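Student: Input data31.txt, format and content: compact mmCIF, C-alpha atoms.
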# COMPACT_ATOMS: atom_id res chain seq x y z
CA MET A 659 -37.15 44.69 13.67
CA ASN A 660 -38.56 43.84 10.24
CA ASN A 661 -41.39 41.42 9.62
CA GLN A 662 -39.15 38.62 8.34
CA THR A 663 -36.92 38.86 11.42
CA ALA A 664 -39.98 38.75 13.68
CA LYS A 665 -41.17 35.58 11.94
CA SER A 666 -37.91 33.81 12.72
CA SER A 667 -36.88 35.47 16.00
CA TRP A 668 -36.21 33.47 19.14
CA ALA A 669 -39.01 35.39 20.88
CA ALA A 670 -41.53 34.31 18.24
CA ALA A 671 -40.12 30.79 18.37
CA PHE A 672 -40.59 30.71 22.15
CA THR A 673 -44.27 31.64 21.73
CA VAL A 674 -44.82 28.73 19.35
CA ALA A 675 -42.76 26.34 21.52
CA SER A 676 -44.99 27.29 24.45
CA VAL A 677 -47.97 25.86 22.54
CA TRP A 678 -46.23 22.47 22.52
CA PHE A 679 -45.25 22.87 26.20
CA GLY A 680 -48.83 23.76 27.16
CA THR A 681 -50.22 20.75 25.29
CA HIS A 682 -47.71 18.39 26.92
CA VAL A 683 -47.40 19.71 30.47
CA GLY A 684 -51.01 19.48 31.62
CA GLY A 685 -52.80 17.56 34.34
CA GLY A 686 -51.66 14.17 33.03
CA PHE A 687 -48.00 15.19 33.20
CA ALA A 688 -48.41 16.95 36.54
CA SER A 689 -49.96 13.86 38.15
CA GLY A 690 -46.70 11.96 37.59
CA ASN A 691 -48.50 8.85 36.33
CA GLN A 692 -47.10 9.03 32.79
CA VAL A 693 -43.62 9.65 34.15
CA ILE A 694 -43.80 6.61 36.45
CA GLN A 695 -45.04 4.25 33.74
CA TYR A 696 -42.80 5.34 30.89
CA PHE A 697 -39.61 6.38 32.70
CA ALA A 698 -39.17 6.23 36.47
CA ASN A 699 -39.83 2.52 37.06
CA TYR A 700 -36.81 1.65 34.87
CA GLY A 701 -34.27 3.34 37.13
CA TYR A 702 -31.93 6.31 36.82
CA THR A 703 -30.69 5.44 33.32
CA SER A 704 -34.19 6.24 32.07
CA VAL A 705 -33.78 9.90 33.07
CA ILE A 706 -32.06 10.52 29.73
CA PHE A 707 -34.97 9.01 27.78
CA PRO A 708 -37.23 12.10 28.10
CA ILE A 709 -34.55 14.12 26.30
CA LEU A 710 -34.38 11.49 23.55
CA ALA A 711 -38.17 11.14 23.29
CA MET A 712 -38.74 14.88 23.00
CA GLY A 713 -35.84 15.08 20.54
CA LEU A 714 -37.48 12.49 18.30
CA LEU A 715 -40.80 14.31 18.55
CA ALA A 716 -39.11 17.63 17.76
CA VAL A 717 -37.63 16.15 14.57
CA VAL A 718 -41.00 14.70 13.52
CA MET A 719 -42.76 18.00 14.21
CA TYR A 720 -40.10 20.00 12.38
CA ILE A 721 -40.47 17.81 9.29
CA MET A 722 -44.28 18.10 9.35
CA MET A 723 -44.25 21.85 10.04
CA LYS A 724 -41.64 22.46 7.33
CA PHE A 725 -43.67 20.37 4.89
CA ALA A 726 -46.78 22.39 5.77
CA LYS A 727 -44.86 25.64 5.22
CA LEU A 728 -43.47 24.65 1.85
CA SER A 729 -46.87 23.35 0.77
CA GLY A 730 -48.71 26.48 1.91
CA PHE A 731 -50.86 24.70 4.51
CA ASN A 732 -51.81 26.00 7.97
CA ASN A 733 -53.81 23.04 9.28
CA TYR A 734 -53.09 19.40 9.96
CA LYS A 735 -55.81 17.94 7.71
CA ASP A 736 -54.38 19.35 4.50
CA THR A 737 -50.84 18.60 5.64
CA PHE A 738 -51.45 14.92 6.31
CA ALA A 739 -53.64 14.52 3.23
CA ALA A 740 -50.66 15.73 1.18
CA LEU A 741 -48.15 13.63 3.15
CA TYR A 742 -49.71 10.25 2.44
CA PRO A 743 -49.67 8.75 -1.08
CA LYS A 744 -53.48 9.02 -1.22
CA PRO A 745 -55.43 11.96 0.32
CA TRP A 746 -58.05 9.64 1.86
CA MET A 747 -55.30 8.15 4.03
CA GLU A 748 -55.50 11.28 6.21
CA ILE A 749 -58.19 9.30 8.06
CA PHE A 750 -55.31 7.36 9.66
CA PHE A 751 -54.24 10.48 11.52
CA GLU A 752 -57.86 11.33 12.39
CA ILE A 753 -58.26 7.93 14.06
CA PHE A 754 -55.13 8.52 16.13
CA TYR A 755 -56.28 12.01 17.06
CA ILE A 756 -59.82 11.03 18.08
CA VAL A 757 -58.58 8.10 20.17
CA ILE A 758 -55.97 10.20 21.99
CA VAL A 759 -58.50 12.99 22.68
CA LEU A 760 -61.05 10.52 24.08
CA ALA A 761 -58.29 8.89 26.15
CA ALA A 762 -57.16 12.29 27.42
CA MET A 763 -60.74 13.12 28.47
CA ALA A 764 -61.18 9.76 30.17
CA SER A 765 -57.84 10.12 31.96
CA ALA A 766 -58.88 13.58 33.13
CA VAL A 767 -62.13 12.15 34.57
CA ALA A 768 -60.25 9.30 36.24
CA GLY A 769 -57.46 11.61 37.40
CA ALA A 770 -59.87 14.09 38.97
CA GLY A 771 -61.71 11.24 40.66
CA GLU A 772 -58.48 9.81 42.05
CA VAL A 773 -57.24 13.20 43.25
CA LEU A 774 -60.54 13.66 45.09
CA ALA A 775 -60.43 10.18 46.64
CA ASN A 776 -56.81 10.60 47.74
CA PHE A 777 -57.53 14.00 49.24
CA ILE A 778 -60.47 12.57 51.21
CA GLY A 779 -58.28 9.66 52.26
CA ILE A 780 -60.02 6.64 50.72
CA PRO A 781 -58.53 4.13 48.25
CA TYR A 782 -59.56 4.74 44.64
CA VAL A 783 -60.71 1.17 43.98
CA GLY A 784 -63.96 -0.71 43.32
CA ALA A 785 -67.16 1.13 44.17
CA VAL A 786 -65.19 4.21 45.26
CA LYS A 787 -63.74 4.53 41.74
CA VAL A 788 -67.21 4.34 40.15
CA THR A 789 -68.68 6.79 42.65
CA MET A 790 -65.87 9.34 42.29
CA ASN A 791 -65.95 9.17 38.49
CA LEU A 792 -69.74 9.67 38.52
CA ILE A 793 -69.27 12.76 40.71
CA ILE A 794 -66.70 14.09 38.25
CA VAL A 795 -69.04 13.42 35.30
CA ALA A 796 -71.84 15.29 37.11
CA VAL A 797 -69.53 18.27 37.67
CA LEU A 798 -68.39 18.03 34.05
CA ILE A 799 -71.98 18.18 32.79
CA LEU A 800 -72.69 21.26 34.93
CA LEU A 801 -69.52 23.00 33.76
CA THR A 802 -70.24 22.13 30.14
CA ILE A 803 -73.71 23.66 30.41
CA PHE A 804 -73.04 26.65 32.65
CA GLY A 805 -69.31 27.16 33.12
CA ILE A 806 -67.52 27.13 29.77
CA LYS A 807 -66.74 30.88 29.91
CA LEU A 808 -65.29 30.50 33.40
CA VAL A 809 -63.18 27.50 32.34
CA ARG A 810 -61.83 29.31 29.28
CA ALA A 811 -61.00 32.40 31.33
CA ALA A 812 -59.23 30.36 34.00
CA SER A 813 -57.42 27.87 31.74
CA THR A 814 -54.27 29.97 31.18
CA VAL A 815 -53.96 30.86 34.87
CA LEU A 816 -54.46 27.19 35.80
CA SER A 817 -51.79 26.08 33.34
CA VAL A 818 -49.22 28.51 34.72
CA ALA A 819 -50.13 27.69 38.33
CA ILE A 820 -49.87 23.92 37.86
CA ILE A 821 -46.46 24.31 36.19
CA VAL A 822 -45.19 26.43 39.09
CA ILE A 823 -46.59 24.04 41.73
CA THR A 824 -45.20 21.00 39.93
CA ALA A 825 -41.78 22.66 39.73
CA LEU A 826 -41.89 23.27 43.50
CA LEU A 827 -42.96 19.66 44.04
CA VAL A 828 -39.97 18.39 42.05
CA ILE A 829 -37.59 20.58 44.07
CA PHE A 830 -39.07 19.43 47.38
CA GLY A 831 -39.03 15.80 46.22
CA LEU A 832 -35.38 15.94 45.17
CA THR A 833 -34.17 17.70 48.31
CA ALA A 834 -36.14 15.59 50.82
CA ASP A 835 -34.28 13.07 53.01
CA TYR A 836 -35.60 10.09 51.05
CA ASP A 837 -33.36 7.52 52.76
CA ALA A 838 -34.63 8.43 56.24
CA ILE A 839 -38.27 8.50 55.10
CA ALA A 840 -37.91 5.16 53.31
CA ALA A 841 -36.23 3.56 56.33
CA GLN A 842 -39.01 4.76 58.63
CA LEU A 843 -41.89 3.56 56.43
CA THR A 844 -40.34 0.21 55.50
CA SER A 845 -39.74 -0.46 59.19
CA GLN A 846 -43.22 0.74 60.19
CA PHE A 847 -45.01 -1.49 57.66
CA ASN A 848 -42.41 -4.29 57.56
CA ILE A 849 -41.91 -4.09 53.79
CA GLN A 850 -38.98 -4.19 51.38
CA LEU A 851 -38.28 -1.51 48.79
CA THR A 852 -39.27 -2.53 45.27
CA GLU A 853 -36.49 -2.96 42.73
CA TYR A 854 -36.45 -1.07 39.44
CA THR A 855 -37.65 -2.88 36.33
CA SER A 856 -34.54 -4.25 34.62
CA ALA A 857 -35.42 -4.17 30.91
CA LEU A 858 -33.35 -1.70 28.90
CA GLY A 859 -34.93 -2.62 25.57
CA THR A 860 -38.45 -2.13 26.91
CA ALA A 861 -37.39 1.10 28.59
CA ILE A 862 -36.12 2.52 25.31
CA TRP A 863 -39.14 1.26 23.36
CA LYS A 864 -41.68 2.74 25.78
CA GLY A 865 -39.75 5.73 27.09
CA VAL A 866 -38.50 6.99 23.73
CA LEU A 867 -40.54 5.61 20.82
CA VAL A 868 -44.01 5.03 22.28
CA TYR A 869 -44.01 8.16 24.44
CA ALA A 870 -42.91 10.35 21.53
CA ALA A 871 -45.50 8.68 19.31
CA PHE A 872 -48.60 9.40 21.39
CA GLN A 873 -47.33 12.92 22.04
CA CYS A 874 -47.76 13.53 18.29
CA VAL A 875 -51.09 14.96 19.43
CA SER A 876 -49.11 18.23 19.62
CA ILE A 877 -48.58 18.36 15.85
CA PRO A 878 -51.95 19.98 14.88
CA PRO A 879 -51.71 22.97 17.29
CA MET A 880 -48.05 23.47 16.36
CA ILE A 881 -48.82 23.62 12.63
CA ALA A 882 -51.58 26.16 13.32
CA ALA A 883 -49.44 28.23 15.70
CA ALA A 884 -46.53 28.48 13.24
CA GLN A 885 -48.52 29.66 10.21
CA ASP A 886 -46.88 33.14 10.26
CA MET A 887 -43.35 31.90 10.94
CA SER A 888 -40.48 31.33 8.54
CA ILE A 889 -38.85 27.92 8.21
CA LYS A 890 -35.94 29.24 10.27
CA GLY A 891 -38.43 30.22 12.97
CA VAL A 892 -40.02 26.76 12.82
CA LYS A 893 -36.61 25.19 13.41
CA ARG A 894 -35.97 27.46 16.38
CA ALA A 895 -39.43 26.73 17.82
CA ASN A 896 -38.73 23.00 17.77
CA ILE A 897 -35.29 23.43 19.32
CA LEU A 898 -36.80 25.43 22.18
CA GLY A 899 -39.75 23.05 22.46
CA TRP A 900 -37.37 20.10 22.68
CA LEU A 901 -35.39 21.76 25.50
CA MET A 902 -38.45 23.01 27.41
CA ASN A 903 -40.35 19.72 27.26
CA GLY A 904 -37.35 17.42 27.51
CA LEU A 905 -35.80 19.12 30.54
CA ALA A 906 -39.14 19.44 32.39
CA LEU A 907 -39.89 15.78 31.75
CA ALA A 908 -36.37 14.71 32.75
CA ALA A 909 -36.56 16.68 36.02
CA SER A 910 -39.86 15.05 36.91
CA ALA A 911 -38.48 11.62 35.96
CA TRP A 912 -35.41 12.20 38.12
CA MET A 913 -37.52 13.02 41.16
CA LEU A 914 -39.99 10.15 40.74
CA THR A 915 -37.21 7.67 39.96
CA LYS A 916 -35.83 8.49 43.39
CA TRP A 917 -39.20 7.79 45.05
CA TYR A 918 -40.36 4.86 42.92
CA PRO A 919 -38.99 1.96 45.06
CA LEU A 920 -40.84 3.23 48.14
CA LEU A 921 -44.08 4.16 46.35
CA ALA A 922 -44.25 0.79 44.58
CA ALA A 923 -43.57 -1.10 47.82
CA LEU A 924 -46.29 0.83 49.68
CA GLN A 925 -48.80 0.27 46.88
CA ASN A 926 -48.09 -3.46 46.68
CA ALA A 927 -48.49 -3.85 50.43
CA GLY A 928 -51.73 -1.81 50.42
CA LYS A 929 -53.18 -3.90 47.61
CA GLU A 930 -52.32 -7.13 49.42
CA VAL A 931 -54.21 -5.97 52.52
CA LEU A 932 -57.26 -4.97 50.45
CA ALA A 933 -57.18 -8.27 48.56
CA ALA A 934 -57.21 -10.20 51.84
CA ASN A 935 -59.82 -7.90 53.44
CA PRO A 936 -61.82 -5.72 51.02
CA ALA A 937 -63.50 -3.99 53.97
CA ALA A 938 -60.19 -2.73 55.34
CA THR A 939 -59.75 1.04 55.64
CA ALA A 940 -56.90 3.39 56.42
CA ALA A 941 -58.35 3.77 59.91
CA THR A 942 -58.04 0.04 60.63
CA ASP A 943 -54.80 -0.48 58.69
CA PRO A 944 -52.80 2.62 57.65
CA ILE A 945 -51.08 0.81 54.74
CA VAL A 946 -54.45 0.76 52.92
CA ALA A 947 -54.05 4.50 52.31
CA TYR A 948 -51.19 3.64 49.92
CA ALA A 949 -53.09 1.05 47.84
CA THR A 950 -53.08 3.48 44.91
CA ALA A 951 -49.78 5.22 45.66
CA LEU A 952 -48.69 5.15 42.02
CA GLY A 953 -52.01 6.47 40.68
CA ILE A 954 -51.17 10.11 41.39
CA PRO A 955 -47.57 9.61 42.55
CA ASN A 956 -46.77 13.30 42.91
CA GLN A 957 -49.68 13.67 45.34
CA THR A 958 -48.45 10.63 47.28
CA VAL A 959 -44.93 12.04 47.53
CA LEU A 960 -46.26 15.30 49.00
CA SER A 961 -48.44 13.37 51.44
CA ILE A 962 -45.47 11.28 52.63
CA MET A 963 -43.22 14.34 53.00
CA GLY A 964 -45.96 16.08 55.01
CA VAL A 965 -45.78 19.39 53.13
CA LYS A 966 -49.44 20.18 53.85
CA TRP A 967 -49.73 23.59 52.16
CA LEU A 968 -48.16 22.32 48.96
CA LEU A 969 -50.28 19.14 49.05
CA VAL A 970 -53.47 21.20 49.32
CA ALA A 971 -52.41 23.63 46.59
CA PHE A 972 -51.29 20.82 44.28
CA SER A 973 -54.47 18.77 44.84
CA VAL A 974 -56.80 21.70 44.20
CA LEU A 975 -54.91 22.91 41.12
CA LEU A 976 -54.55 19.40 39.66
CA PHE A 977 -58.27 18.74 40.16
CA CYS A 978 -59.12 22.03 38.44
CA ALA A 979 -56.65 21.31 35.63
CA PHE A 980 -58.26 17.93 34.99
CA MET A 981 -61.73 19.48 34.95
CA SER A 982 -60.57 22.26 32.62
CA THR A 983 -59.15 19.64 30.25
CA CYS A 984 -62.44 17.71 30.30
CA VAL A 985 -64.61 20.72 29.48
CA THR A 986 -62.26 22.04 26.79
CA LEU A 987 -62.05 18.66 25.05
CA VAL A 988 -65.83 18.12 25.23
CA TYR A 989 -66.27 21.38 23.32
CA THR A 990 -63.55 20.34 20.89
CA MET A 991 -65.46 17.15 20.11
CA ILE A 992 -68.77 19.05 19.83
CA GLN A 993 -67.27 21.43 17.28
CA ARG A 994 -65.68 18.53 15.43
CA PHE A 995 -68.73 16.26 15.16
CA GLN A 996 -71.99 18.15 15.67
CA GLY A 997 -72.12 18.90 11.93
CA TYR A 998 -72.20 15.14 11.24
CA CYS A 999 -74.90 14.34 13.82
CA PHE A 1000 -77.94 13.87 11.54
CA PRO A 1001 -77.95 17.48 10.24
CA ASN A 1002 -80.89 16.80 7.91
CA ALA A 1003 -83.07 15.29 10.64
CA ILE A 1004 -81.94 17.53 13.52
CA LYS A 1005 -81.86 21.17 12.48
CA SER A 1006 -80.92 22.62 15.88
CA GLU A 1007 -77.15 22.98 16.34
CA LYS A 1008 -77.59 23.14 20.12
CA LEU A 1009 -79.50 19.84 20.17
CA ARG A 1010 -76.87 18.17 17.99
CA GLY A 1011 -74.21 19.55 20.32
CA VAL A 1012 -76.01 18.10 23.35
CA ILE A 1013 -76.22 14.69 21.66
CA VAL A 1014 -72.52 14.71 20.79
CA ALA A 1015 -71.58 15.86 24.30
CA ALA A 1016 -73.74 13.16 25.93
CA LEU A 1017 -72.23 10.46 23.75
CA VAL A 1018 -68.66 11.66 24.32
CA ILE A 1019 -69.11 11.93 28.09
CA ALA A 1020 -70.69 8.45 28.24
CA ILE A 1021 -67.77 6.94 26.29
CA CYS A 1022 -65.23 8.74 28.47
CA PHE A 1023 -66.92 7.60 31.67
CA ALA A 1024 -66.77 3.99 30.49
CA ILE A 1025 -63.08 4.33 29.61
CA SER A 1026 -62.37 6.17 32.88
CA LEU A 1027 -63.24 3.02 34.85
CA LEU A 1028 -59.89 1.64 33.71
CA GLY A 1029 -58.42 4.23 36.08
CA LEU A 1030 -55.71 6.74 35.24
CA SER A 1031 -52.96 4.09 35.30
CA GLY A 1032 -54.92 1.77 33.01
CA ILE A 1033 -55.67 4.53 30.51
CA VAL A 1034 -52.07 5.73 30.40
CA LYS A 1035 -50.83 2.15 30.00
CA TYR A 1036 -53.32 0.81 27.47
CA ALA A 1037 -55.09 3.68 25.64
CA TYR A 1038 -52.03 5.92 25.37
CA GLY A 1039 -49.71 2.97 24.84
CA TYR A 1040 -51.62 1.25 22.03
CA ASP A 1041 -52.39 4.56 20.34
CA GLY A 1042 -48.64 5.20 20.53
CA TYR A 1043 -47.95 1.92 18.72
CA TYR A 1044 -50.45 2.96 16.07
CA ALA A 1045 -48.88 6.43 15.79
CA ILE A 1046 -45.45 4.92 15.11
CA LEU A 1047 -46.96 3.19 12.07
CA VAL A 1048 -49.15 6.01 10.72
CA ILE A 1049 -47.27 9.17 11.78
CA ILE A 1050 -43.62 8.70 12.69
CA ILE A 1051 -42.61 6.23 9.96
CA PRO A 1052 -44.59 8.05 7.19
CA THR A 1053 -43.01 11.36 8.28
CA PHE A 1054 -39.54 10.02 7.49
CA VAL A 1055 -40.48 7.79 4.56
CA TRP A 1056 -42.68 10.28 2.67
CA GLY A 1057 -42.15 13.62 4.41
CA ILE A 1058 -38.42 14.07 3.82
CA PRO A 1059 -38.49 13.17 0.08
CA LYS A 1060 -41.48 15.46 -0.49
CA ILE A 1061 -39.71 18.32 1.30
CA ARG A 1062 -36.65 17.84 -0.92
CA LYS A 1063 -38.86 17.89 -4.00
CA LEU A 1064 -40.65 21.07 -2.89
CA GLU A 1065 -37.35 22.78 -2.09
CA ALA A 1066 -35.98 21.84 -5.50
CA GLU A 1067 -39.08 23.20 -7.22
CA LYS A 1068 -38.87 26.50 -5.33
CA LYS A 1069 -35.15 26.78 -6.10
CA ALA A 1070 -35.88 26.20 -9.79
CA GLN A 1071 -38.59 28.87 -9.77
CA LEU A 1072 -36.21 31.40 -8.22
CA SER A 1073 -33.54 30.69 -10.81
CA GLU A 1074 -35.88 31.33 -13.76
Have the structure of the file written as structure tokens, please.
Tutor:
Amino acid sequence: MNNQTAKSSWAAAFTVASVWFGTHVGGGFASGNQVIQYFANYGYTSVIFPILAMGLLAVVMYIMMKFAKLSGFNNYKDTFAALYPKPWMEIFFEIFYIVIVLAAMASAVAGAGEVLANFIGIPYVGAVKVTMNLIIVAVLILLTIFGIKLVRAASTVLSVAIIVITALLVIFGLTADYDAIAAQLTSQFNIQLTEYTSALGTAIWKGVLVYAAFQCVSIPPMIAAAQDMSIKGVKRANILGWLMNGLALAASAWMLTKWYPLLAALQNAGKEVLAANPAATAATDPIVAYATALGIPNQTVLSIMGVKWLLVAFSVLLFCAFMSTCVTLVYTMIQRFQGYCFPNAIKSEKLRGVIVAALVIAICFAISLLGLSGIVKYAYGYDGYYAILVIIIPTFVWGIPKIRKLEAEKKAQLSE
């Protein structure tokens, strides 16, 4: 196989597509929270929206990666500086990127805290939320100081393990006797199943456009990963990435759409009990255990089905995945900003790194108090709105014409 063939082969394309898959299918995806908020609560018609969302993202990424190739760039900063009419406008993408990274870190803190609370068996609300998030921050600080090598070594294994466990969870969730389980629990707690949200326009807006927009966080690693590929290889990588991400997301949406009416009903009933009696516990009223059923819905589904070994494995792996994400992103922010942290006044790189880490962790803790559901709804959502304006629309408005111009110039050079 010659070098050019290798740069455009399906095998090489799969390697690059896996970068996108790894960025997308992490702890946040595995928790099921994003899937519930952007797809499952709208009913079974929304199962097709993950395919559409990932298709839109694949087109946007293909345009940006092709533009980077033709321009000779291998990083996102140069690519976006050349995309916009003025180079300084690249700051628009930087704002999106920093916000989504901080939100991802905060969601990982909140997610780990909620996984821990659910596993212990206490509702992740009020003082419990603050306490759990403080515990996670303490662990994060220790790992940042002493455990970065361990986290880096384990990150790939964790990623593969969480994908396998989540796939098993989806299979178990789809094959379970949902009707019998729902009938038993609705009778036991005297509740009615919640209806799906009937809003097709909102479902398309959130499930296709907004979801694809905040997932543009995958563009920088994809540009870097494809630097040795041909344009044909870039196209193949995005086709595979679309199928891998779209089908995985659709399968998860299918399973959680099935369980949504019961999970939502249990959560609403649990919240009502806590609102009437804040001191209530699962021991005094079992419905309280479901007050945050939609926080980590995949964990709740496993708990309801009673698949203990899978629940334990999923909870441990999801907790570790969230912590791995936290530590990795803290180091990303340190590398990104320590050079700007008063370099003239503070000569020590380590001290500047500590200052950046402390500031980032403090910000993320504050954001984490919104809870995983709040972060996914507001931080991801509003950053998605912003990304539609500064990434998706500019990609089509400026990216396509600039690609045509570059292709024409290269064609003219070859004909001389």
Student: Would you give me, as JSON lines, each residue of segment 908-1004 of chain A having an atom within 10 Å of an atom of segment 744-761 of chain A, along with its shortest atom pair and that distance in Å to one decimal, using all atoms listed in the file and sorting by chain and residue number?
Tutor:
{"residue": "A:Cys984", "atom": "CA", "partner": "A:Leu760", "partner_atom": "CA", "distance": 9.6}
{"residue": "A:Leu987", "atom": "CA", "partner": "A:Val759", "partner_atom": "CA", "distance": 7.1}
{"residue": "A:Val988", "atom": "CA", "partner": "A:Leu760", "partner_atom": "CA", "distance": 9.1}
{"residue": "A:Thr990", "atom": "CA", "partner": "A:Val759", "partner_atom": "CA", "distance": 9.1}
{"residue": "A:Met991", "atom": "CA", "partner": "A:Val759", "partner_atom": "CA", "distance": 8.5}
{"residue": "A:Arg994", "atom": "CA", "partner": "A:Ile756", "partner_atom": "CA", "distance": 9.9}
Student: Which residues, written as a PDB file with C-alpha atoms, in the coordinates of the input, have at least one atom at most 8 Å from Phe1023 of chain A, with all atoms listed in the file counted and residues fewer than 5 positions away on the same chain left out?
Tutor:
ATOM      1  CA  ALA A 764     -61.180   9.760  30.170  1.00  0.00           C
ATOM      2  CA  VAL A 767     -62.130  12.150  34.570  1.00  0.00           C
ATOM      3  CA  ASN A 791     -65.950   9.170  38.490  1.00  0.00           C
ATOM      4  CA  LEU A 792     -69.740   9.670  38.520  1.00  0.00           C
ATOM      5  CA  VAL A 795     -69.040  13.420  35.300  1.00  0.00           C
TER       6      VAL A 795
END
Student: Atom CA of Ala861 of chain A to atom CA of Met763 of chain A: how many Å, to one decimal?
Tutor: 26.3 Å
Student: What gap, in Å, lies between atom CA of Leu921 of chain A and atom CA of Leu774 of chain A?
Tutor: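 Pair atom CA of Leu921 of chain A / atom CA of Leu774 of chain A returns 19.0 Å.
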Student: Using all atoms listed in the file, pick whichever of A:Thr844, A:Asn956, A:Thr942, A:Thr833 has the shortest atom-to-atom distance to Val693 of chain A.
Tutor: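 The answer is A:Asn956, which sits nearest to Val693 of chain A.
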Student: Closest to Val931 of chain A among A:Phe847, A:Trp917, A:Tyr869, A:Phe972, using all atoms listed in the file?
Tutor: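 Smallest separation from Val931 of chain A among the options: A:Phe847.
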Student: I want to know what sits within 10 Å of Thr852 of chain A, based on all atoms listed in the file, with residues of the same chain fewer than 2 positions away left out; could you give that as a JSON list (two decimals) with C-alpha atoms, in the frame of the given file?
Tutor:
[["chain", "number", "residue", "atom", "x", "y", "z"],
["A", 699, "ASN", "CA", -39.83, 2.52, 37.06],
["A", 849, "ILE", "CA", -41.91, -4.09, 53.79],
["A", 850, "GLN", "CA", -38.98, -4.19, 51.38],
["A", 854, "TYR", "CA", -36.45, -1.07, 39.44],
["A", 855, "THR", "CA", -37.65, -2.88, 36.33],
["A", 918, "TYR", "CA", -40.36, 4.86, 42.92],
["A", 919, "PRO", "CA", -38.99, 1.96, 45.06],
["A", 920, "LEU", "CA", -40.84, 3.23, 48.14],
["A", 921, "LEU", "CA", -44.08, 4.16, 46.35],
["A", 922, "ALA", "CA", -44.25, 0.79, 44.58],
["A", 923, "ALA", "CA", -43.57, -1.10, 47.82],
["A", 924, "LEU", "CA", -46.29, 0.83, 49.68],
["A", 926, "ASN", "CA", -48.09, -3.46, 46.68]]
